Amino acid sequence: MGNKGQSKGILVLVLAGICALMLLSGFRSAEPAGRSGVQSADASTAAGELQESLALLTTLGGQASAPGAPLRLVLKWQGEYSGEETDEVAVQHLATRLGLDGISSADDDGHRVWRSAAQLSGGTQLSLFWSELGGGRSYCIVTLETADLLGSPELPAAAADAGEAMLQAGIAAEWNASLQAPAKEQGGTQAALLATEQLMAAELPGIQAEESYTDISTSSHSYSVPGLQRTVSSGSHSLALQLAVHKNVNADVNRITLGMPLITIEY
């Protein structure tokens with residue numbers, strides 16, 4: 001497949017994921033930038049909630065992963081934009097707030113998209129993706145990723161700043177975070193999943209598996225967790241955490257992935 005075909009396929013996957021997440025999160029649009037609907041209190045509350053969640057995710061990852069293993073973290077802020085500025089101007093303003101430059105744009109399968117990326121001082125990769133949806137609406141994803149969370153102390157503050165930048169841009173973004181590492185528990189994926197749940201139970205009193213997924217190489221549970229405020233609705237459940245154990249059959253090694261409130265990267 002040529003490059004054009006690949007870009008079309010990637011865009012289809014991105015937009016499909018966007019639609020699924022919007023349905024899960026019950027997403028609400030922000031008021032346009034510059035209007036009185038942008039509340040700093042909301043940003044402060046979200047930042048505090050995010051810091052607590054990242055600390056908990058780091059603790060859980062350390063307990064569930066192989067000793068000394070690096071903890072890969074992917075954190076995403078994403079939400080819809082329908083403000084008064086044109087997309088081109090809004091993207092530039094958001095990129096400036098994020099400290100990004102060198103924005104590229106392209107027409108992918110009828111949708112105009114913009115991208116920009118930079119590496120922060122501690123090794124965290126910061127990237128911006130913006131896509132037209134049509135009807136005066138666009139969707140924005142700001143991603144922060146590090147291969148080693150414990151070696152990237154700048155990430156929590158940078159993540160909070162990114163959320164504030166999106167709110168200032170008129171985007172009521174929601175965050176999700178996924179942590180991944182070689183698993184402490186080996187053997188079959190279902191047995192490793194249950195053993196990992198026991199490790200997490202001390203940190204998460206009342207944790208309850210609500211949904212499950214299993215295939216030949218993966219076992220996953222999604223949980224309700226009393227006390228965790230960041231949740232998504234799925235049927236009659238409010239899910240706050242997802243755990244997956246995936247077997248790399250070539251290396252015969254289990255990999256864990258933890259998601260708050262759900263996993264949004266490949267297991």
# chains A, B, ... in the order shown; residues from 1 in each chain; ligands from 1

$ residues_around --residues "Phe129 (chain A)" --least-positions-apart "3" --cutoff "12 Å" --atoms "only C-alpha atoms" --output "PyMOL selection string"
chain A and resi 11+14-15+18+76-80+87+91-92+94-95+100+103-106+112-117+126+132+138-144

$ write_last_selection --atoms "N, CA and C atoms" --output "short mmCIF file (atom, residue, chain, number, x, y, z; two decimals), in the first residue's frame"
data_model
loop_
_atom_site.label_atom_id
_atom_site.label_comp_id
_atom_site.auth_asym_id
_atom_site.auth_seq_id
_atom_site.Cartn_x
_atom_site.Cartn_y
_atom_site.Cartn_z
N LEU A 11 -6.23 7.73 9.26
CA LEU A 11 -7.26 8.70 9.59
C LEU A 11 -8.58 8.02 9.92
N VAL A 14 -8.31 6.72 13.43
CA VAL A 14 -8.34 7.81 14.40
C VAL A 14 -9.75 8.31 14.59
N LEU A 15 -10.47 8.57 13.49
CA LEU A 15 -11.82 9.09 13.59
C LEU A 15 -12.77 8.08 14.21
N ILE A 18 -12.17 8.30 17.85
CA ILE A 18 -12.75 9.53 18.36
C ILE A 18 -14.24 9.36 18.62
N LYS A 76 -3.58 11.25 27.19
CA LYS A 76 -4.24 12.00 26.12
C LYS A 76 -5.30 12.93 26.71
N TRP A 77 -5.27 14.17 26.25
CA TRP A 77 -6.38 15.09 26.42
C TRP A 77 -7.09 15.17 25.07
N GLN A 78 -8.39 15.03 25.05
CA GLN A 78 -9.09 15.13 23.78
C GLN A 78 -10.51 15.66 23.95
N GLY A 79 -10.93 16.39 22.93
CA GLY A 79 -12.25 16.97 22.99
C GLY A 79 -12.60 17.69 21.69
N GLU A 80 -13.83 18.16 21.60
CA GLU A 80 -14.36 18.78 20.39
C GLU A 80 -14.25 20.30 20.47
N ASP A 87 -10.46 26.92 12.05
CA ASP A 87 -9.59 25.85 12.52
C ASP A 87 -8.12 26.25 12.45
N VAL A 91 -5.95 26.25 15.77
CA VAL A 91 -4.83 25.32 15.91
C VAL A 91 -3.55 26.08 16.26
N GLN A 92 -3.31 27.19 15.57
CA GLN A 92 -2.10 27.97 15.82
C GLN A 92 -2.08 28.51 17.24
N LEU A 94 -3.64 27.26 19.89
CA LEU A 94 -3.44 26.16 20.83
C LEU A 94 -1.99 25.70 20.82
N ALA A 95 -1.40 25.59 19.63
CA ALA A 95 0.00 25.18 19.53
C ALA A 95 0.90 26.15 20.28
N LEU A 100 4.40 24.65 21.05
CA LEU A 100 4.72 23.91 19.83
C LEU A 100 4.82 24.86 18.65
N ILE A 103 3.80 23.56 12.65
CA ILE A 103 2.57 22.82 12.38
C ILE A 103 2.51 22.41 10.91
N SER A 104 2.17 21.14 10.68
CA SER A 104 1.96 20.66 9.31
C SER A 104 0.47 20.40 9.11
N SER A 105 0.01 20.55 7.88
CA SER A 105 -1.39 20.28 7.57
C SER A 105 -1.47 19.48 6.28
N ALA A 106 -2.56 18.73 6.16
CA ALA A 106 -2.76 17.90 4.98
C ALA A 106 -4.25 17.61 4.83
N ARG A 112 -9.46 17.88 6.67
CA ARG A 112 -8.23 18.64 6.88
C ARG A 112 -7.70 18.32 8.28
N VAL A 113 -6.43 17.99 8.36
CA VAL A 113 -5.82 17.67 9.65
C VAL A 113 -4.56 18.50 9.83
N TRP A 114 -4.25 18.79 11.10
CA TRP A 114 -3.04 19.52 11.46
C TRP A 114 -2.30 18.72 12.52
N ARG A 115 -0.96 18.75 12.47
CA ARG A 115 -0.15 18.02 13.44
C ARG A 115 1.07 18.86 13.83
N SER A 116 1.50 18.66 15.08
CA SER A 116 2.75 19.25 15.54
C SER A 116 3.25 18.41 16.70
N ALA A 117 4.57 18.38 16.91
CA ALA A 117 5.14 17.58 17.98
C ALA A 117 6.47 18.17 18.42
N LEU A 126 5.52 15.42 23.31
CA LEU A 126 4.27 16.16 23.30
C LEU A 126 3.82 16.30 21.85
N GLU A 132 -10.70 18.21 11.20
CA GLU A 132 -12.07 18.65 10.91
C GLU A 132 -13.03 17.48 10.97
N SER A 138 -14.64 20.35 15.01
CA SER A 138 -13.34 19.70 14.86
C SER A 138 -13.04 18.92 16.12
N TYR A 139 -12.05 18.04 16.03
CA TYR A 139 -11.66 17.26 17.19
C TYR A 139 -10.16 17.38 17.40
N CYS A 140 -9.77 17.51 18.67
CA CYS A 140 -8.38 17.76 19.01
C CYS A 140 -7.89 16.71 20.02
N ILE A 141 -6.68 16.22 19.80
CA ILE A 141 -6.03 15.29 20.73
C ILE A 141 -4.64 15.81 21.02
N VAL A 142 -4.35 16.03 22.30
CA VAL A 142 -3.00 16.37 22.74
C VAL A 142 -2.47 15.19 23.53
N THR A 143 -1.33 14.65 23.11
CA THR A 143 -0.78 13.43 23.70
C THR A 143 0.58 13.72 24.32
N LEU A 144 0.78 13.19 25.53
CA LEU A 144 2.08 13.20 26.17
C LEU A 144 2.49 11.75 26.38
#

$ select_by_dssp --residues "region 154-198 of chain A" --states "helix (DSSP H, G or I)" --output "mmCIF file with N, CA and C atoms, in the first residue's frame"
data_model
loop_
_atom_site.group_PDB
_atom_site.id
_atom_site.type_symbol
_atom_site.label_atom_id
_atom_site.label_comp_id
_atom_site.auth_asym_id
_atom_site.auth_seq_id
_atom_site.Cartn_x
_atom_site.Cartn_y
_atom_site.Cartn_z
ATOM 1 N N LEU A 155 6.509 15.152 33.434
ATOM 2 C CA LEU A 155 5.263 14.813 32.757
ATOM 3 C C LEU A 155 4.000 15.257 33.503
ATOM 4 N N PRO A 156 3.857 15.003 34.812
ATOM 5 C CA PRO A 156 2.597 15.405 35.467
ATOM 6 C C PRO A 156 2.285 16.892 35.319
ATOM 7 N N ALA A 157 3.279 17.766 35.539
ATOM 8 C CA ALA A 157 3.030 19.205 35.398
ATOM 9 C C ALA A 157 2.734 19.565 33.948
ATOM 10 N N ALA A 158 3.459 18.962 33.014
ATOM 11 C CA ALA A 158 3.216 19.234 31.600
ATOM 12 C C ALA A 158 1.818 18.786 31.188
ATOM 13 N N ALA A 159 1.359 17.665 31.749
ATOM 14 C CA ALA A 159 0.013 17.179 31.441
ATOM 15 C C ALA A 159 -1.052 18.136 31.962
ATOM 16 N N ALA A 160 -0.857 18.648 33.167
ATOM 17 C CA ALA A 160 -1.803 19.615 33.714
ATOM 18 C C ALA A 160 -1.818 20.894 32.881
ATOM 19 N N ASP A 161 -0.647 21.357 32.454
ATOM 20 C CA ASP A 161 -0.574 22.557 31.618
ATOM 21 C C ASP A 161 -1.287 22.348 30.284
ATOM 22 N N ALA A 162 -1.173 21.152 29.716
ATOM 23 C CA ALA A 162 -1.836 20.865 28.444
ATOM 24 C C ALA A 162 -3.346 20.933 28.592
ATOM 25 N N GLY A 163 -3.874 20.399 29.686
ATOM 26 C CA GLY A 163 -5.310 20.475 29.917
ATOM 27 C C GLY A 163 -5.789 21.900 30.069
ATOM 28 N N GLU A 164 -5.007 22.729 30.779
ATOM 29 C CA GLU A 164 -5.351 24.138 30.934
ATOM 30 C C GLU A 164 -5.319 24.854 29.592
ATOM 31 N N ALA A 165 -4.315 24.535 28.748
ATOM 32 C CA ALA A 165 -4.210 25.165 27.431
ATOM 33 C C ALA A 165 -5.424 24.841 26.573
ATOM 34 N N MET A 166 -5.905 23.608 26.637
ATOM 35 C CA MET A 166 -7.073 23.235 25.840
ATOM 36 C C MET A 166 -8.325 23.935 26.346
ATOM 37 N N LEU A 167 -8.460 24.069 27.661
ATOM 38 C CA LEU A 167 -9.614 24.773 28.210
ATOM 39 C C LEU A 167 -9.603 26.231 27.774
ATOM 40 N N GLN A 168 -8.424 26.858 27.802
ATOM 41 C CA GLN A 168 -8.308 28.240 27.360
ATOM 42 C C GLN A 168 -8.633 28.381 25.867
ATOM 43 N N THR A 189 -2.518 -15.887 30.752
ATOM 44 C CA THR A 189 -2.960 -14.506 30.916
ATOM 45 C C THR A 189 -4.100 -14.369 31.922
ATOM 46 N N GLN A 190 -5.021 -15.327 31.965
ATOM 47 C CA GLN A 190 -6.134 -15.224 32.903
ATOM 48 C C GLN A 190 -5.641 -15.360 34.339
ATOM 49 N N ALA A 191 -4.749 -16.305 34.574
ATOM 50 C CA ALA A 191 -4.193 -16.478 35.920
ATOM 51 C C ALA A 191 -3.385 -15.249 36.322
ATOM 52 N N ALA A 192 -2.620 -14.686 35.375
ATOM 53 C CA ALA A 192 -1.831 -13.493 35.664
ATOM 54 C C ALA A 192 -2.731 -12.297 35.949
ATOM 55 N N LEU A 193 -3.859 -12.214 35.236
ATOM 56 C CA LEU A 193 -4.819 -11.138 35.464
ATOM 57 C C LEU A 193 -5.369 -11.201 36.883
ATOM 58 N N LEU A 194 -5.780 -12.380 37.304
ATOM 59 C CA LEU A 194 -6.359 -12.534 38.642
ATOM 60 C C LEU A 194 -5.321 -12.270 39.723
ATOM 61 N N ALA A 195 -4.097 -12.705 39.501
ATOM 62 C CA ALA A 195 -3.029 -12.459 40.476
ATOM 63 C C ALA A 195 -2.729 -10.961 40.579
ATOM 64 N N THR A 196 -2.773 -10.270 39.447
ATOM 65 C CA THR A 196 -2.524 -8.831 39.449
ATOM 66 C C THR A 196 -3.655 -8.090 40.157
ATOM 67 N N GLU A 197 -4.887 -8.553 39.989
ATOM 68 C CA GLU A 197 -6.012 -7.960 40.696
ATOM 69 C C GLU A 197 -5.811 -8.032 42.201
ATOM 70 N N GLN A 198 -5.275 -9.156 42.687
ATOM 71 C CA GLN A 198 -5.031 -9.289 44.115
ATOM 72 C C GLN A 198 -3.991 -8.285 44.590
#

$ residues_around --residues "Pro153 (chain A)" --least-positions-apart "5" --cutoff "12 Å" --atoms "only C-alpha atoms" --output "ChimeraX atom specification"
/A:51,54-55,58,120-124,146,148,158-159

$ select_by_dssp --residues "region 139-215 of chain A" --states "strand (DSSP E or B)" --output "list of chain:residue names"
A:Tyr139, A:Cys140, A:Ile141, A:Val142, A:Thr143, A:Leu144, A:Glu145, A:Thr146, A:Glu174, A:Trp175, A:Asn176, A:Ala177, A:Ser178, A:Leu179, A:Gln180, A:Ala181, A:Pro182, A:Ala183, A:Gln208, A:Ala209, A:Glu210, A:Glu211, A:Ser212, A:Tyr213, A:Thr214

$ residues_around --residues "Asn176 (chain A)" --least-positions-apart "4" --cutoff "9 Å" --atoms "only C-alpha atoms" --output "PyMOL selection string"
chain A and resi 74-78+230+259-264

$ write_last_selection --atoms "all heavy atoms" --output "tab-separated table (two decimals), in the first residue's frame"
chain	number	residue	atom	x	y	z
A	74	VAL	N	1.18	6.77	28.30
A	74	VAL	CA	0.59	7.58	27.23
A	74	VAL	C	-0.62	8.29	27.81
A	74	VAL	O	-1.58	7.63	28.24
A	74	VAL	CB	0.17	6.73	26.02
A	74	VAL	CG1	-0.43	7.62	24.93
A	74	VAL	CG2	1.35	5.94	25.47
A	75	LEU	N	-0.56	9.62	27.88
A	75	LEU	CA	-1.68	10.40	28.41
A	75	LEU	C	-2.25	11.26	27.30
A	75	LEU	O	-1.50	11.92	26.58
A	75	LEU	CB	-1.20	11.27	29.58
A	75	LEU	CG	-2.31	12.03	30.31
A	75	LEU	CD1	-2.02	12.09	31.80
A	75	LEU	CD2	-2.53	13.44	29.75
A	76	LYS	N	-3.58	11.25	27.19
A	76	LYS	CA	-4.24	12.00	26.12
A	76	LYS	C	-5.30	12.93	26.71
A	76	LYS	O	-6.10	12.53	27.54
A	76	LYS	CB	-4.92	11.05	25.13
A	76	LYS	CG	-3.99	10.07	24.44
A	76	LYS	CD	-4.76	9.13	23.53
A	76	LYS	CE	-3.85	8.08	22.90
A	76	LYS	NZ	-4.60	7.15	22.03
A	77	TRP	N	-5.27	14.17	26.25
A	77	TRP	CA	-6.38	15.09	26.42
A	77	TRP	C	-7.09	15.17	25.07
A	77	TRP	O	-6.44	15.39	24.05
A	77	TRP	CB	-5.88	16.49	26.78
A	77	TRP	CG	-5.39	16.69	28.18
A	77	TRP	CD1	-4.09	16.66	28.60
A	77	TRP	CD2	-6.18	16.99	29.32
A	77	TRP	NE1	-4.03	16.92	29.95
A	77	TRP	CE2	-5.30	17.12	30.42
A	77	TRP	CE3	-7.55	17.16	29.54
A	77	TRP	CZ2	-5.74	17.42	31.70
A	77	TRP	CZ3	-7.99	17.46	30.82
A	77	TRP	CH2	-7.10	17.59	31.88
A	78	GLN	N	-8.39	15.03	25.05
A	78	GLN	CA	-9.09	15.13	23.78
A	78	GLN	C	-10.51	15.66	23.95
A	78	GLN	O	-11.16	15.45	24.97
A	78	GLN	CB	-9.11	13.79	23.04
A	78	GLN	CG	-9.54	12.58	23.84
A	78	GLN	CD	-9.08	11.31	23.17
A	78	GLN	OE1	-8.06	10.72	23.51
A	78	GLN	NE2	-9.86	10.86	22.20
A	230	ARG	N	-12.94	10.02	38.09
A	230	ARG	CA	-12.88	10.03	36.62
A	230	ARG	C	-13.38	8.70	36.10
A	230	ARG	O	-12.71	7.67	36.22
A	230	ARG	CB	-11.43	10.29	36.18
A	230	ARG	CG	-11.23	10.26	34.67
A	230	ARG	CD	-11.77	11.52	34.00
A	230	ARG	NE	-11.52	11.45	32.57
A	230	ARG	CZ	-12.40	11.02	31.68
A	230	ARG	NH1	-13.60	10.64	32.07
A	230	ARG	NH2	-12.09	10.99	30.40
A	259	GLY	N	-5.31	1.19	32.31
A	259	GLY	CA	-5.89	2.38	31.74
A	259	GLY	C	-6.83	3.06	32.72
A	259	GLY	O	-7.59	2.41	33.42
A	260	MET	N	-6.74	4.37	32.77
A	260	MET	CA	-7.67	5.19	33.57
A	260	MET	C	-8.32	6.21	32.64
A	260	MET	O	-7.61	7.03	32.05
A	260	MET	CB	-6.92	5.92	34.69
A	260	MET	CG	-6.56	5.06	35.87
A	260	MET	SD	-5.85	6.10	37.17
A	260	MET	CE	-6.27	5.14	38.61
A	261	PRO	N	-9.64	6.20	32.49
A	261	PRO	CA	-10.54	5.19	33.02
A	261	PRO	C	-10.58	3.93	32.15
A	261	PRO	O	-11.03	2.89	32.59
A	261	PRO	CB	-11.89	5.89	33.02
A	261	PRO	CG	-11.79	6.91	31.92
A	261	PRO	CD	-10.36	7.34	31.88
A	262	LEU	N	-10.12	4.02	30.89
A	262	LEU	CA	-10.04	2.88	30.01
A	262	LEU	C	-8.72	2.92	29.24
A	262	LEU	O	-8.10	3.97	29.11
A	262	LEU	CB	-11.20	2.87	29.00
A	262	LEU	CG	-12.61	2.63	29.55
A	262	LEU	CD1	-13.62	2.73	28.42
A	262	LEU	CD2	-12.72	1.29	30.26
A	263	ILE	N	-8.29	1.79	28.74
A	263	ILE	CA	-7.08	1.69	27.92
A	263	ILE	C	-7.39	2.26	26.53
A	263	ILE	O	-8.36	1.86	25.90
A	263	ILE	CB	-6.60	0.24	27.81
A	263	ILE	CG1	-6.22	-0.31	29.18
A	263	ILE	CG2	-5.42	0.13	26.84
A	263	ILE	CD1	-5.99	-1.82	29.20
A	264	THR	N	-6.53	3.17	26.06
A	264	THR	CA	-6.75	3.76	24.74
A	264	THR	C	-5.54	3.54	23.83
A	264	THR	O	-5.38	4.24	22.82
A	264	THR	CB	-7.02	5.27	24.84
A	264	THR	OG1	-5.92	5.91	25.48
A	264	THR	CG2	-8.29	5.53	25.64

$ closest_residue --among "A:Asp107, A:Thr257, A:Glu211, A:Arg97" --to "Ser233 (chain A)" --atoms "only C-alpha atoms"
A:Glu211
